[in-house]
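Everything on this sheet refers to the single structure shown next.
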Amino acid sequence: MPRQRVVGRRSALRRSVLVLGLVLLMIALWLGATWLRYVADERAAERGRECPHGPTTLKVTVAPSVEEPLREIAGRWNAAGVVVDDFCVKVTIAATESGPILTGLTGEWNVRELGDRPHAWLPESSFWTDRLSAVDDALLGSAPDTVASSPVVLATPEPASKALTDTVTFTWADVAALIPDPSGWSRFGQSGWGRLIVALPQPAANPATGLAVQAVLSGVGKQSPLTHDVLERPEVADAIGKLTAGQPTGVPETTREALISLGAAESMTTAPFSAVPVLEVDLHRRNLAIDGGPPARRPLFEVMPDGPIPTADFPFVRLAGIDAALANAADRFRQFLLEPDQQRSLGRAGLRTASRERPPSTLGITWPDLPPATAPANPRTTQQLAATWAAAAEGGRIVTMLVDVSKSMGDDNGDGRTRMQWVQEALHGYANYTVSGSLGLWRFSQALDRGRPYQQLVATGPIGDTRAPLHQAVDTLAPTGATHLHESVAAAYRSAVSGYVVGKRNEIVVITDGGSEGSMTLTELTAAIKALGSTKKPVAVSVITLGTNQNRAALRDIAKLTGGTVSTLSSARGLQAALGQLAARRD
């Protein structure tokens, strides 16, 4: 009996100790949680003292080529808790192809397709920022600043790489002569391979192609950078014809698609083409299958032609229209990108930087030392080349210009010139560099032609026949009266449907600085277009607006209904570039 009491006391003691332990544990957990809340509150208070204006987000849109390192760099920035102008600034990175971003910035921004409008932009090349500034330099909030670079190389299968580098040398200028040669490979000791075909996906949408074509034409014209005058030289125009005519059937729309297609070829004789220009960093990403495409079936090898080499400069640019704090944050982030740690991250991702970071090990890429870079063309020349190429490649478009000549077109537009004078200069330029297709000119205002608010000045016809009359008619354009847009679009649309040319893009381009003061309503115009429209005769109505007085919702409705676009310019000075961009657009 005494033993049972002892055992009982011990059991009770153990239970007491266990209960006490649980109580102490709960107290410890409570104290720990209290301390953590205290620390969190202190940190929050500290952040509040550091950035009394609270958090803000800097949205940066980048080219897919730099998405991976930019996300890493933004992570470091965010972890550091950077404060700018009393705001805690977080950086978010969105990767989007540069072509749609350019279209959105120069036209109507589509949030559903593009996400939120960015505060800063980092495309692959000034090829894009130049085109943006050419359309409307007021869209740029800062000068582009290079944060990395990547040369344009030729991507080829391994056998082609050996042939191109082990025999005779060649330059970018030689490409224009090699492409049309039916035995181009014989120059490199491979006569059995036939033509040396360099696929050139659309230059207006693929910067590697655009920069490569500039290098080819600069070499042919023996002048760098490429200029408007060089483009008009007979030998350069002939080279454009050879390059476009020498393209194989079914050239992929994008550089990445072309790389995938070439990498899938079993041999040089079965390959759809021999080579494709590509940014070195994008070839690196394709061979490692980190560009969102399928695994590479066969790695492609880089070939760098002799002489100056076209180079993508990856410019960071702050966009206009943002508040001062975000503008300062964008400038701080740009400086952050140039610091050694960030430069090393960019180098590890396959970009050329100022760092001494060892290049990544990638089959097919040797990361050679770079020769001098070619001088890039200016923004207007870049746009003109894109338009000229598109016209040569597709045989031209059927375009009717419908130009607002209302009284407000006589307003001052800066540099001592009126809107109308800038419009006239742009139309003269467009007529000069339209090398194929058809072009016509109408004007619209009030009571221009026997009471009608529109007048056909030059009937739409082959550019070879209409170029001289167009120049004469453009010189006669003069501001007068009020804007009668809807009646004029309906009349031009009716004429375009009547004169429809099968197999071409038929388009009306409206240039206006105001709304519509006529009697026809938007509903009536829409009904008229629907009554005239036909899937067999689609005519697009694209609108370029000047200034800030337009009814943009109505213009968007007209464009959307017909498959056209709307571009908004703060100044008519960007009209020639906007026309070039429109001419280069492919559907």
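A note on labels: chains of the structure tokens are A, B, ... as shown, every chain counts residues from 1, and ligands are counted from 1 in their shown order.
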
Exercise: Thr96 of chain A partners within 8 Å, only C-alpha atoms, chain neighbours under 3 positions left out, as number ranges by chain: A: 61-64, 100-101, 114

Once you have the residues from the selection above, write them out as a compact mmCIF listing (two decimals), in the first residue's frame, restricted to N, CA and C atoms.
# COMPACT_ATOMS: atom_id res chain seq x y z
N THR A 61 8.64 47.92 -68.45
CA THR A 61 8.42 46.90 -69.47
C THR A 61 9.73 46.67 -70.21
N VAL A 62 10.10 45.40 -70.37
CA VAL A 62 11.39 45.07 -71.00
C VAL A 62 11.18 44.08 -72.12
N ALA A 63 12.16 44.03 -73.03
CA ALA A 63 12.16 43.02 -74.08
C ALA A 63 12.37 41.64 -73.46
N PRO A 64 11.77 40.60 -74.02
CA PRO A 64 11.97 39.25 -73.48
C PRO A 64 13.44 38.85 -73.40
N PRO A 100 4.52 45.43 -80.23
CA PRO A 100 3.22 45.83 -79.67
C PRO A 100 3.32 47.01 -78.70
N ILE A 101 4.45 47.11 -77.98
CA ILE A 101 4.62 48.25 -77.07
C ILE A 101 4.70 49.55 -77.88
N LEU A 114 -1.79 44.37 -73.26
CA LEU A 114 -0.44 44.80 -72.91
C LEU A 114 -0.21 44.98 -71.42

Using only C-alpha atoms, I'd like a table of the residues in segment 294-335 of chain A that come within 12 Å of segment 217-239 of chain A; for each, show the closest atom pair and its distance in Å rounded to one decimal, ordered by chain and ascending number, as a Markdown table.
| residue | atom | partner | partner_atom | distance |
| --- | --- | --- | --- | --- |
| A:Pro305 | CA | A:Gly219 | CA | 12.0 |
| A:Asp306 | CA | A:Gly219 | CA | 11.4 |
| A:Gly307 | CA | A:Gly219 | CA | 9.6 |
| A:Pro308 | CA | A:Gly219 | CA | 9.4 |
| A:Ile309 | CA | A:Gly219 | CA | 10.7 |
| A:Pro310 | CA | A:Ser218 | CA | 10.6 |

Figure out the distance between atom CA of Pro118 of chain A and atom CA of Arg285 of chain A, please, to one decimal in Å.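 Distance between the two atoms: 25.0 Å.
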
Write out as a CSV table (one decimal) with N, CA and C atoms, in the first residue's frame each polymer residue whose atoms come within 9 Å of Lys407 of chain A, counting only C-alpha atoms; drop sequence neighbours fewer than 2 positions from it.
chain,number,residue,atom,x,y,z
A,405,VAL,N,-8.4,69.8,-94.1
A,405,VAL,CA,-7.9,71.1,-94.4
A,405,VAL,C,-8.8,72.2,-93.8
A,409,MET,N,-6.1,73.7,-89.1
A,409,MET,CA,-4.8,73.2,-89.6
A,409,MET,C,-3.8,74.3,-90.0
A,410,GLY,N,-4.3,75.5,-89.9
A,410,GLY,CA,-3.4,76.7,-90.1
A,410,GLY,C,-2.8,77.2,-88.8
A,411,ASP,N,-3.1,76.5,-87.7
A,411,ASP,CA,-2.5,76.9,-86.4
A,411,ASP,C,-1.0,76.7,-86.4
A,445,SER,N,-13.2,69.4,-95.7
A,445,SER,CA,-13.5,70.6,-94.8
A,445,SER,C,-14.9,70.9,-94.9
A,478,ALA,N,-4.7,74.0,-98.4
A,478,ALA,CA,-4.8,75.3,-97.6
A,478,ALA,C,-5.9,75.2,-96.6
A,479,PRO,N,-5.7,75.7,-95.4
A,479,PRO,CA,-6.7,75.6,-94.4
A,479,PRO,C,-7.9,76.5,-94.7
A,480,THR,N,-9.1,75.9,-94.5
A,480,THR,CA,-10.4,76.7,-94.7
A,480,THR,C,-11.5,76.0,-94.1
A,481,GLY,N,-12.5,76.7,-93.6
A,481,GLY,CA,-13.8,76.1,-93.1
A,481,GLY,C,-13.7,75.3,-91.9
A,482,ALA,N,-14.7,74.5,-91.7
A,482,ALA,CA,-14.9,73.6,-90.5
A,482,ALA,C,-14.6,72.1,-90.9
A,483,THR,N,-14.6,71.3,-89.9
A,483,THR,CA,-14.3,69.9,-90.1
A,483,THR,C,-15.5,69.1,-90.3

Please report, as a PyMOL selection string, each residue of segment 94-251 of chain A to which DSSP assigns helix (DSSP H, G or I) when run on this structure's backbone. chain A and resi 98-106+111-114+126-139+158-166+172-178+184-188+191-193+207-221+228-231+234-245

Between A:Thr466, A:Ser567, A:Ser361, A:Thr388, which is the closest to Thr106 of chain A once you count only C-alpha atoms?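 Counting only C-alpha atoms, the residue closest to Thr106 of chain A is A:Ser567.
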
One decimal, in Å: what's the spacing between atom CA of Val539 of chain A and atom CA of Leu522 of chain A?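 Distance reported for this atom pair: 17.8 Å.
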
Would you kindly return, as a ChimeraX atom specification, each protein, DNA or RNA residue with an atom no farther than 8 Å from any atom of Pro180 of chain A, considering only C-alpha atoms and excluding same-chain residues fewer than 2 positions away? /A:176-178,182,184,195,242-243,245-246

If we count only C-alpha atoms and set the cut-off at 9 Å, which residues sit around Arg358 of chain A, ignoring sequence neighbours fewer than 2 positions away in its own chain? Please answer as a list in words. Arg344, Gly347, Arg348, Ser355, Arg356, Pro360 and Ser361 of chain A

Could you write those residues out with N, CA, C and O atoms, as a short mmCIF file (atom, residue, chain, number, x, y, z; two decimals), in the first residue's frame?
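Generated output (result.cif):
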data_model
loop_
_atom_site.label_atom_id
_atom_site.label_comp_id
_atom_site.auth_asym_id
_atom_site.auth_seq_id
_atom_site.Cartn_x
_atom_site.Cartn_y
_atom_site.Cartn_z
N ARG A 344 27.02 42.59 -64.01
CA ARG A 344 27.41 41.18 -64.00
C ARG A 344 26.21 40.27 -64.25
O ARG A 344 26.32 39.26 -64.95
N GLY A 347 25.60 40.34 -67.88
CA GLY A 347 26.64 39.58 -68.57
C GLY A 347 26.41 38.08 -68.47
O GLY A 347 26.60 37.35 -69.44
N ARG A 348 26.01 37.61 -67.29
CA ARG A 348 25.75 36.18 -67.12
C ARG A 348 24.57 35.71 -67.98
O ARG A 348 24.44 34.53 -68.27
N SER A 355 31.12 44.90 -67.56
CA SER A 355 31.70 44.03 -66.53
C SER A 355 32.66 43.03 -67.16
O SER A 355 32.65 42.79 -68.37
N ARG A 356 33.48 42.41 -66.33
CA ARG A 356 34.39 41.37 -66.79
C ARG A 356 33.81 39.99 -66.53
O ARG A 356 34.54 39.00 -66.43
N PRO A 360 28.48 33.11 -70.56
CA PRO A 360 27.97 31.76 -70.29
C PRO A 360 28.50 30.76 -71.31
O PRO A 360 28.83 31.12 -72.44
N SER A 361 28.59 29.52 -70.91
CA SER A 361 29.04 28.46 -71.81
C SER A 361 27.84 27.94 -72.59
O SER A 361 26.92 27.35 -72.02
#

Selection: 6 Å around segment 393-397 of chain A, only C-alpha atoms, excl. self and same-chain fewer than 3 positions, as a ChimeraX atom specification: /A:244,389-390,436-437,504-505

Write to file, as a PDB file, in the first residue's frame, the residues of the selection just made, with C-alpha atoms.
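Done, and the output landed in selection-v4.pdb:
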ATOM      1  CA  THR A 244      13.064  40.999-100.783  1.00  0.00           C
ATOM      2  CA  TRP A 389      10.801  47.213 -97.424  1.00  0.00           C
ATOM      3  CA  ALA A 390       7.140  46.419 -96.758  1.00  0.00           C
ATOM      4  CA  SER A 436       4.974  50.397-105.457  1.00  0.00           C
ATOM      5  CA  GLY A 437       1.227  50.108-105.129  1.00  0.00           C
ATOM      6  CA  LYS A 504      -3.693  44.033-101.842  1.00  0.00           C
ATOM      7  CA  ARG A 505      -4.306  45.885 -98.585  1.00  0.00           C
TER       8      ARG A 505
END

Sort by chain and increasing residue number a table of all residues of segment 361-475 of chain A within 10 Å of segment 145-165 of chain A, each with its closest pair of atoms and their distance in Å to one decimal, counting only C-alpha atoms, and write it as a tab-separated table.
residue	atom	partner	partner_atom	distance
A:Gly364	CA	A:Glu158	CA	7.7
A:Ile365	CA	A:Ala155	CA	9.6
A:Trp367	CA	A:Pro151	CA	9.9
A:Leu370	CA	A:Pro151	CA	7.9
A:Pro371	CA	A:Pro151	CA	9.7
A:Ala373	CA	A:Pro151	CA	8.2

Selection from above, N, CA, C and O atoms, as a PDB file, in the first residue's frame, can you write it?
ATOM      1  N   GLY A 364      27.712  26.506 -79.677  1.00  0.00           N
ATOM      2  CA  GLY A 364      27.396  27.274 -80.881  1.00  0.00           C
ATOM      3  C   GLY A 364      27.799  28.727 -80.798  1.00  0.00           C
ATOM      4  O   GLY A 364      27.772  29.441 -81.808  1.00  0.00           O
ATOM      5  N   ILE A 365      28.171  29.213 -79.594  1.00  0.00           N
ATOM      6  CA  ILE A 365      28.532  30.626 -79.426  1.00  0.00           C
ATOM      7  C   ILE A 365      29.937  30.710 -78.835  1.00  0.00           C
ATOM      8  O   ILE A 365      30.225  30.092 -77.798  1.00  0.00           O
ATOM      9  N   TRP A 367      31.486  33.847 -78.335  1.00  0.00           N
ATOM     10  CA  TRP A 367      31.626  35.158 -77.702  1.00  0.00           C
ATOM     11  C   TRP A 367      32.913  35.857 -78.154  1.00  0.00           C
ATOM     12  O   TRP A 367      33.750  36.246 -77.349  1.00  0.00           O
ATOM     13  N   LEU A 370      34.520  41.985 -80.303  1.00  0.00           N
ATOM     14  CA  LEU A 370      33.683  42.656 -81.298  1.00  0.00           C
ATOM     15  C   LEU A 370      34.447  43.710 -82.079  1.00  0.00           C
ATOM     16  O   LEU A 370      35.202  44.496 -81.493  1.00  0.00           O
ATOM     17  N   PRO A 371      34.240  43.760 -83.394  1.00  0.00           N
ATOM     18  CA  PRO A 371      34.762  44.879 -84.182  1.00  0.00           C
ATOM     19  C   PRO A 371      33.920  46.119 -83.910  1.00  0.00           C
ATOM     20  O   PRO A 371      32.924  46.050 -83.185  1.00  0.00           O
ATOM     21  N   ALA A 373      31.096  48.897 -84.071  1.00  0.00           N
ATOM     22  CA  ALA A 373      29.680  48.771 -84.422  1.00  0.00           C
ATOM     23  C   ALA A 373      29.334  49.684 -85.590  1.00  0.00           C
ATOM     24  O   ALA A 373      29.937  50.744 -85.768  1.00  0.00           O
TER      25      ALA A 373
END

Excluding Val501 of chain A and any residue of its chain fewer than 5 positions from it, enumerate the residues within 9 Å of it, using only C-alpha atoms, and give them as a list of chain:residue names.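 Residues near the query, excluding close chain neighbours: A:Ile398, A:Ala496, A:Asn506, A:Lys537.
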
Any chance you can output those residues with N, CA and C atoms as a PDB file, in the first residue's frame?
ATOM      1  N   ILE A 398      -2.848  49.810-101.620  1.00  0.00           N
ATOM      2  CA  ILE A 398      -3.758  50.725-102.308  1.00  0.00           C
ATOM      3  C   ILE A 398      -4.225  51.728-101.254  1.00  0.00           C
ATOM      4  N   ALA A 496     -13.372  53.832-102.370  1.00  0.00           N
ATOM      5  CA  ALA A 496     -12.362  52.788-102.205  1.00  0.00           C
ATOM      6  C   ALA A 496     -12.938  51.403-102.462  1.00  0.00           C
ATOM      7  N   ASN A 506      -6.139  47.379 -99.066  1.00  0.00           N
ATOM      8  CA  ASN A 506      -6.789  48.615 -99.488  1.00  0.00           C
ATOM      9  C   ASN A 506      -7.087  49.429 -98.232  1.00  0.00           C
ATOM     10  N   LYS A 537     -14.272  42.641-100.085  1.00  0.00           N
ATOM     11  CA  LYS A 537     -13.639  43.920-100.386  1.00  0.00           C
ATOM     12  C   LYS A 537     -13.392  44.706 -99.093  1.00  0.00           C
TER      13      LYS A 537
END

Provide the atom CA of Gly81 of chain A to atom CA of Val60 of chain A distance in Å, to one decimal place.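 Calculated distance between atom CA of Gly81 of chain A and atom CA of Val60 of chain A is 17.2 Å.
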
If DSSP is run on the backbone, what residues of segment 450-572 of chain A are strand (DSSP E or B)? A reply as an MDAnalysis selection string would be ideal. chainID A and resid 452:462 506:512 539:546 566:569

Pick the closest to Arg573 of chain A from A:Trp422, A:Trp77, A:Phe188, A:Phe127: which is it, counting only C-alpha atoms?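 The answer is A:Trp422, which sits nearest to Arg573 of chain A.
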
From the options A:Thr545, A:Thr269, A:Asn287, A:Ser65, which residue's atoms come nearest to Ala208 of chain A, counting only C-alpha atoms? A:Ser65

Counting only C-alpha atoms, figure out which residue out of A:Glu68, A:Glu50, A:Asp369, A:Asp449 gets nearest to Val84 of chain A.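 Among the listed residues, A:Glu50 lies closest to Val84 of chain A.
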
Pick the closest to Leu200 of chain A from A:Arg256, A:Lys530, A:Arg552, A:Lys560: which is it, counting only C-alpha atoms?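 Smallest separation from Leu200 of chain A among the options: A:Arg256.
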
Rank A:Gly192, A:Gly440, A:Pro453, A:Gly461 by their smallest atom-to-atom distance to Leu402 of chain A, using only C-alpha atoms, and report the top residue only.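 Looking at the shortest contact to Leu402 of chain A, the residue is A:Gly440.
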